[in-house]
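Let me begin by presenting the structure, written as C-alpha cells, before commenting on it.
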Amino acid sequence: MKKLPLLLSALWLCHLLSAQVAVSPHIRLDQFGYRPDSKKVAVLADPVSGFDAAQSFTPGNTYQVRRVSDNQSVFSGSPTAWKNGATHTQSGDRGWWFDFSTVTTPGDYYLFDVSQNVRSYPFRIGADIYKDILKQAVRMYFYQRLSFAKQPPYTDEKWSDGAAYDGANQDHAARSRWAKTDPATARDVHGGWMDAGDVNKYTTFAEGAVIQLLESYRRHPDVFTDDFNIPESGNGIPDLLDEVLWELDWLKRMQDATGTNGFLLKLGVDNYNEVSPPSLDTRPRYYLPECTSATLAGAAIFAHAGTVLIGTSHPDLQSYGYDLLGRAELAWQRAAVTTSNFTQFEETCDDGDIKSGDADRNESGQLESAVVAAVYLFQATGNSVYKNFVESTYNQIEPASTSWWGPYKSAVETALLRYSEMPNVTTTIANNIRNQKGNMNYAFSLDSYDAQTDLYRAQMDDWAHHWGSNLVRSNCGSLNMDFVEFNINADDADRYRETAEGYLHWLHGTNAMGIVMLSNMYAFGGDACANEIYHTWFGANTPYDNALTSPKGPAPGYLTGGPNKDYSYTQLSPPAAQPPQKSYLDFNDGWPQSSWEITEPAIYYNAAYIMLLSNFVENTVVPTKEPVALEGSMFEVFPNPAADQCTLRFQEPGTREISIYDSRGKLIRSVKSSEKEVVIDLKNLPAGVYNVAAGGVQKQIVKQ
C-alpha cells in the first residue's frame, strides 16, 4: 500500500522533468501523429535563408522516441543529413531526417534530442489517429452553410450564429444582377455553402469540391460515419453525404431558377462591405443568369453525384440519385443547344459586379465539364451518345491532350480513369488513358520521392507554390493514390501510398513553417496551428480573429491557401521575398496586404484535403451490407437502348417482382413473373433513362 504514493511521486517527477525540457520548433513532424505502419520521419531543420534565417539548429547525434506517460525511451537512433548537408533552396533550410518507423506500438510519444536537451511536440501513434481530424475537416462545411443556423449542441457557443441571408431581397428572393430593382426576377436560391472566405456561391466553383467529396466517399465509404455532430447525425446517412446534399439541394434550385434546365452562374453581393457574423448581413443578394459554364458544371456534378448515390444501399439516396441523373441529362441537352452542339461557348458571362470571384470558364474548361458529365451519364445509361462524345473529345482536353496527369484536373482525371474501367468502351482508348497515367511517376510521385528531392518529403516544383498551393499539395498526394485506386503499376502500390502520406504529413506540420495548415486544431492534437484565416466571419479585428489571442478565434478544420511565392503585396515579408515553401504568414489582414492570397480557405481546398486524408483513416465501423442478389436473379437487358420494348433475360426461372422506375426514382409499374425472359413494354413511355430492379439487381434502360 505504501508503494503507490511513491509510484505517483515518481510519475509526477517524470512529468515535471519533461515539462522543463524545451520544445524545439526546429523538430518538424506530423503533430497529430502516425498510423502504426506509417513511414515516420521527422525533419530537423536549420534555417539558412528566409524569415527565420537568424535562428540556427544543429541536432545531436542521438535522438530518442520517449513515451509521454513515463518519459522512457522506446527507440534510439541517429539523424541522417539530407543531401550530405546541402541547403534545400525551396525552403531555405538544411536538415536531417530521423526515421523512427520501427515504433509501432499505439501510444503518446515525443522525440528527445539527448545532447541538445530539447524535445518535439507530443504526437500519437494509433490506427484511428486521423478520425477526429477528418471530422473537423468535414465540419468546415457545416460552418459554411448559408440559410442555416449554427447552434449548440452542434457547435461550441462561441461559433454559434443564426441563419444568414434569409431576409428581404436575399437568398429566398434574390434578383437578377441585370434587373436589381425588378421584383419579377426574384428567385429562391437559398441554401448551399459560402464558397470561401467570401459569402458568395458559385455553380462552377462547386464542381471540384462536390466531385472530390463524393469521390472520397466512393473510395472509402466506411470512414464517413453518421456521428460528425451535425444536425443530421444519426439519420442513417453518412454525415459527409448529408453535407453534400445541402449543396446539391442548392444547385437544384440554381437549375430550377432558369426555367430552361440550364444553371444560374453565381449568387452573392455587389460590394465588399463584409459583416461578421454572417447572420447580421442585410445586403441584398443578386444572381448572374444562365451560362453554359454553369450548365456544364451542373451537369457534371449531377451526373457524378447521381452515380455515387445510386450506388449506396439507402433507398432515399438512390431516389435522389435518379433525380440527379435526370437533371444531368436535361442540363446536357440544354448545353447542346446553347453551345451549338458543343462548338460555341460563352466565356464572358461574369462581369465582376457580384464580388468577387470570376466564375466564367474558357472553352477548354467547359469541355472538361462536358467530358466529366458524359462519362458518368454513359456509366448510368449506356447511351452511346455519351460514349461517342467522350471518345471524340477526351484527347482535346487536359490531361490527355498533353499526356501530363498533374494536380490541377482531379475531376477529369478521375472520370477518365473510371471510364477506362467501364464495359463496352473502346479498348484502345481505355488503354491509352491507363498508359498515360501509368507513365506519370515523374510528376510528384515515385521519381522525386526516391530521389529524396524535397527536404520535407512532399515534393512540388517551385512554380506550384502559388495561390492555393495547399490544394495542389493535397492533390499531389491523391495523384499517388490514384495509382492504387485504379490498380495501375500495381507492384508499387505500397510505395505510392507511402509517397502520398508524405504530403499529408507536410500539411500536418512537417513543413518549413512547422505549423498545421488547418485552423485552430489545438483541441485535436495540433500544437502550432494556423491561427488566422481570411474569412468574412472570422476576420481581422473581430472576436474570431486569432485562435490564441482573440476571445473566440476561428472555427477548427479550415485548410488555408498555403505558401504563395507570387504574393502581390511585395512590401510585406514574409510572405513576400521568401523561399517558395516559406512564402507564408499567419495573418488575415485585408487590402492592401491581401491576406486572401495566403490564408483564405475554400470549399475546394478542404475537399482536396479530405480526399487525401480519407485514404489514411481507420475504418471504424462495419460497412453497411449491400443488398445481396440471388444468383438466379441476375439478368441482362436487350436491346438497350430500346424503342418500343426490351427483354429481360434471367439466369434461372423463379417468381420475382420486377419494378420499373423513372430517372427521378418514381415507380412507374411493377409486375410479378416466373419466366426466364420477360418483355417490358416501353411504347407509352417518353424517351429517357429508366431503371429496372428485380431480386436485388438493378440496371438502366434507355428508351429512344
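Order determines the names: the first chain of the C-alpha cells is A, the second B, and so forth; residues in each chain are numbered 1 upward, and ligands are numbered 1 upward as they are shown.
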
Subject >> Distance query Asp99 (chain A) at most 8 Å, only C-alpha atoms, self and fewer than 4 positions along chain excluded, as a PyMOL selection string >> reply: chain A and resi 39-42+79

Mind dumping the selected residues with N, CA and C atoms as a tab-separated table (two decimals), in the first residue's frame?
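As a result, out31.tsv now contains:
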```tsv
chain	number	residue	atom	x	y	z
A	39	LYS	N	5.32	5.23	-42.54
A	39	LYS	CA	6.70	5.71	-42.54
A	39	LYS	C	6.73	6.95	-41.65
A	40	LYS	N	7.62	6.94	-40.64
A	40	LYS	CA	7.65	8.03	-39.66
A	40	LYS	C	9.03	8.68	-39.70
A	41	VAL	N	9.10	9.87	-40.27
A	41	VAL	CA	10.37	10.57	-40.41
A	41	VAL	C	10.18	12.02	-39.96
A	42	ALA	N	10.92	12.43	-38.94
A	42	ALA	CA	10.94	13.82	-38.53
A	42	ALA	C	12.03	14.56	-39.30
A	79	PRO	N	20.20	10.88	-36.42
A	79	PRO	CA	19.70	11.53	-37.63
A	79	PRO	C	20.67	11.37	-38.79
```

Subject >> Which of region 337-412 of chain A DSSP labels helix (DSSP H, G or I), written as JSON, numbers by chain >> reply: {"A": [337, 338, 363, 364, 365, 366, 367, 368, 369, 370, 371, 372, 373, 374, 375, 376, 377, 378, 379, 380, 381, 384, 385, 386, 387, 388, 389, 390, 391, 392, 393, 394, 395, 396, 410, 411, 412]}

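CA of Gly352 (chain A) is positioned 21.1 Å from CA of Ser364 (chain A).
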
**OP:** Write out as a list in words each polymer residue whose atoms come within 8 Å of Gln379 (chain A), counting only C-alpha atoms; drop sequence neighbours fewer than 5 positions from it.
**Re:** Thr307, Tyr419 and Met422 of chain A

For the selection just defined, write its residues with C-alpha atoms to a file, as a compact mmCIF listing (two decimals), in the first residue's frame.
```txt
# COMPACT_ATOMS: atom_id res chain seq x y z
CA THR A 307 -23.96 7.52 -59.95
CA TYR A 419 -14.19 5.41 -67.92
CA MET A 422 -16.24 0.58 -67.86
```

**OP:** Between A:Leu214, A:Ala53, A:Cys291, A:Ile660, single out the one closest to Lys582 (chain A), counting only C-alpha atoms.
**Re:**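 Counting only C-alpha atoms, the residue closest to Lys582 (chain A) is A:Ala53.
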
Extract, using only C-alpha atoms, all DNA, RNA and protein residues at most 12 Å from Trp405 (chain A), discarding same-chain residues fewer than 6 positions from it, and format them as a JSON list (two decimals) with C-alpha atoms, in the first residue's frame.
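Dumped everything to around-v1.json:
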```json
[["chain", "number", "residue", "atom", "x", "y", "z"],
["A", 397, "ILE", "CA", -8.61, 18.49, -73.17],
["A", 398, "GLU", "CA", -6.11, 18.08, -70.37],
["A", 399, "PRO", "CA", -4.73, 15.76, -69.20],
["A", 411, "ALA", "CA", -12.32, 15.67, -61.61],
["A", 412, "VAL", "CA", -11.38, 14.99, -65.24],
["A", 413, "GLU", "CA", -8.60, 12.56, -64.39],
["A", 414, "THR", "CA", -10.83, 10.55, -62.09],
["A", 416, "LEU", "CA", -11.29, 9.24, -67.41],
["A", 417, "LEU", "CA", -9.82, 6.56, -65.16],
["A", 433, "ILE", "CA", -5.85, 6.53, -70.66],
["A", 434, "ARG", "CA", -4.29, 3.98, -68.36],
["A", 435, "ASN", "CA", -0.92, 4.06, -70.11],
["A", 436, "GLN", "CA", -0.75, 7.84, -69.85],
["A", 437, "LYS", "CA", -1.41, 7.64, -66.13],
["A", 438, "GLY", "CA", 0.99, 4.73, -65.74],
["A", 439, "ASN", "CA", 3.81, 6.85, -67.16],
["A", 440, "MET", "CA", 3.42, 9.60, -64.55],
["A", 441, "ASN", "CA", 5.94, 8.54, -61.92],
["A", 442, "TYR", "CA", 7.91, 11.67, -62.75],
["A", 443, "ALA", "CA", 5.17, 14.10, -61.62],
["A", 444, "PHE", "CA", 5.03, 14.50, -57.82],
["A", 445, "SER", "CA", 5.43, 10.78, -57.38],
["A", 475, "ASN", "CA", -3.92, 16.75, -54.92],
["A", 476, "CYS", "CA", -0.28, 15.71, -55.35],
["A", 478, "SER", "CA", -4.03, 11.96, -54.24],
["A", 479, "LEU", "CA", -2.26, 11.59, -57.61],
["A", 480, "ASN", "CA", -0.30, 8.79, -55.99],
["A", 482, "ASP", "CA", -4.98, 7.13, -57.99],
["A", 483, "PHE", "CA", -2.41, 4.51, -59.00]]
```

Any idea what's packed within 9 Å of Phe148 (chain A), counting only C-alpha atoms, ignoring anything in its chain fewer than 6 positions away? Could you give it as a tab-separated table (two decimals) with C-alpha atoms, in the first residue's frame?
```tsv
chain	number	residue	atom	x	y	z
A	142	PHE	CA	-21.41	22.92	-41.66
A	161	ASP	CA	-24.79	32.08	-35.40
A	162	GLY	CA	-28.24	32.43	-36.86
A	163	ALA	CA	-29.25	31.65	-40.42
A	164	ALA	CA	-27.64	34.04	-42.88
A	166	ASP	CA	-32.77	34.73	-45.20
A	191	GLY	CA	-29.01	27.10	-49.07
```

**OP:** Once DSSP has gone over the backbone, tell me which residues of region 473-695 of chain A are in strand (DSSP E or B), as a PyMOL selection string.
**Re:** chain A and resi 516-519+529-530+559+602+635-638+642+645-650+656-662+667-673+677-681+688-694

**OP:** Go ahead and compute the interatomic distance for CA of Arg649 (chain A) and CA of Phe635 (chain A), in Å to one decimal.
**Re:**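 Atom-to-atom, CA of Arg649 (chain A) to CA of Phe635 (chain A), that is 5.2 Å.
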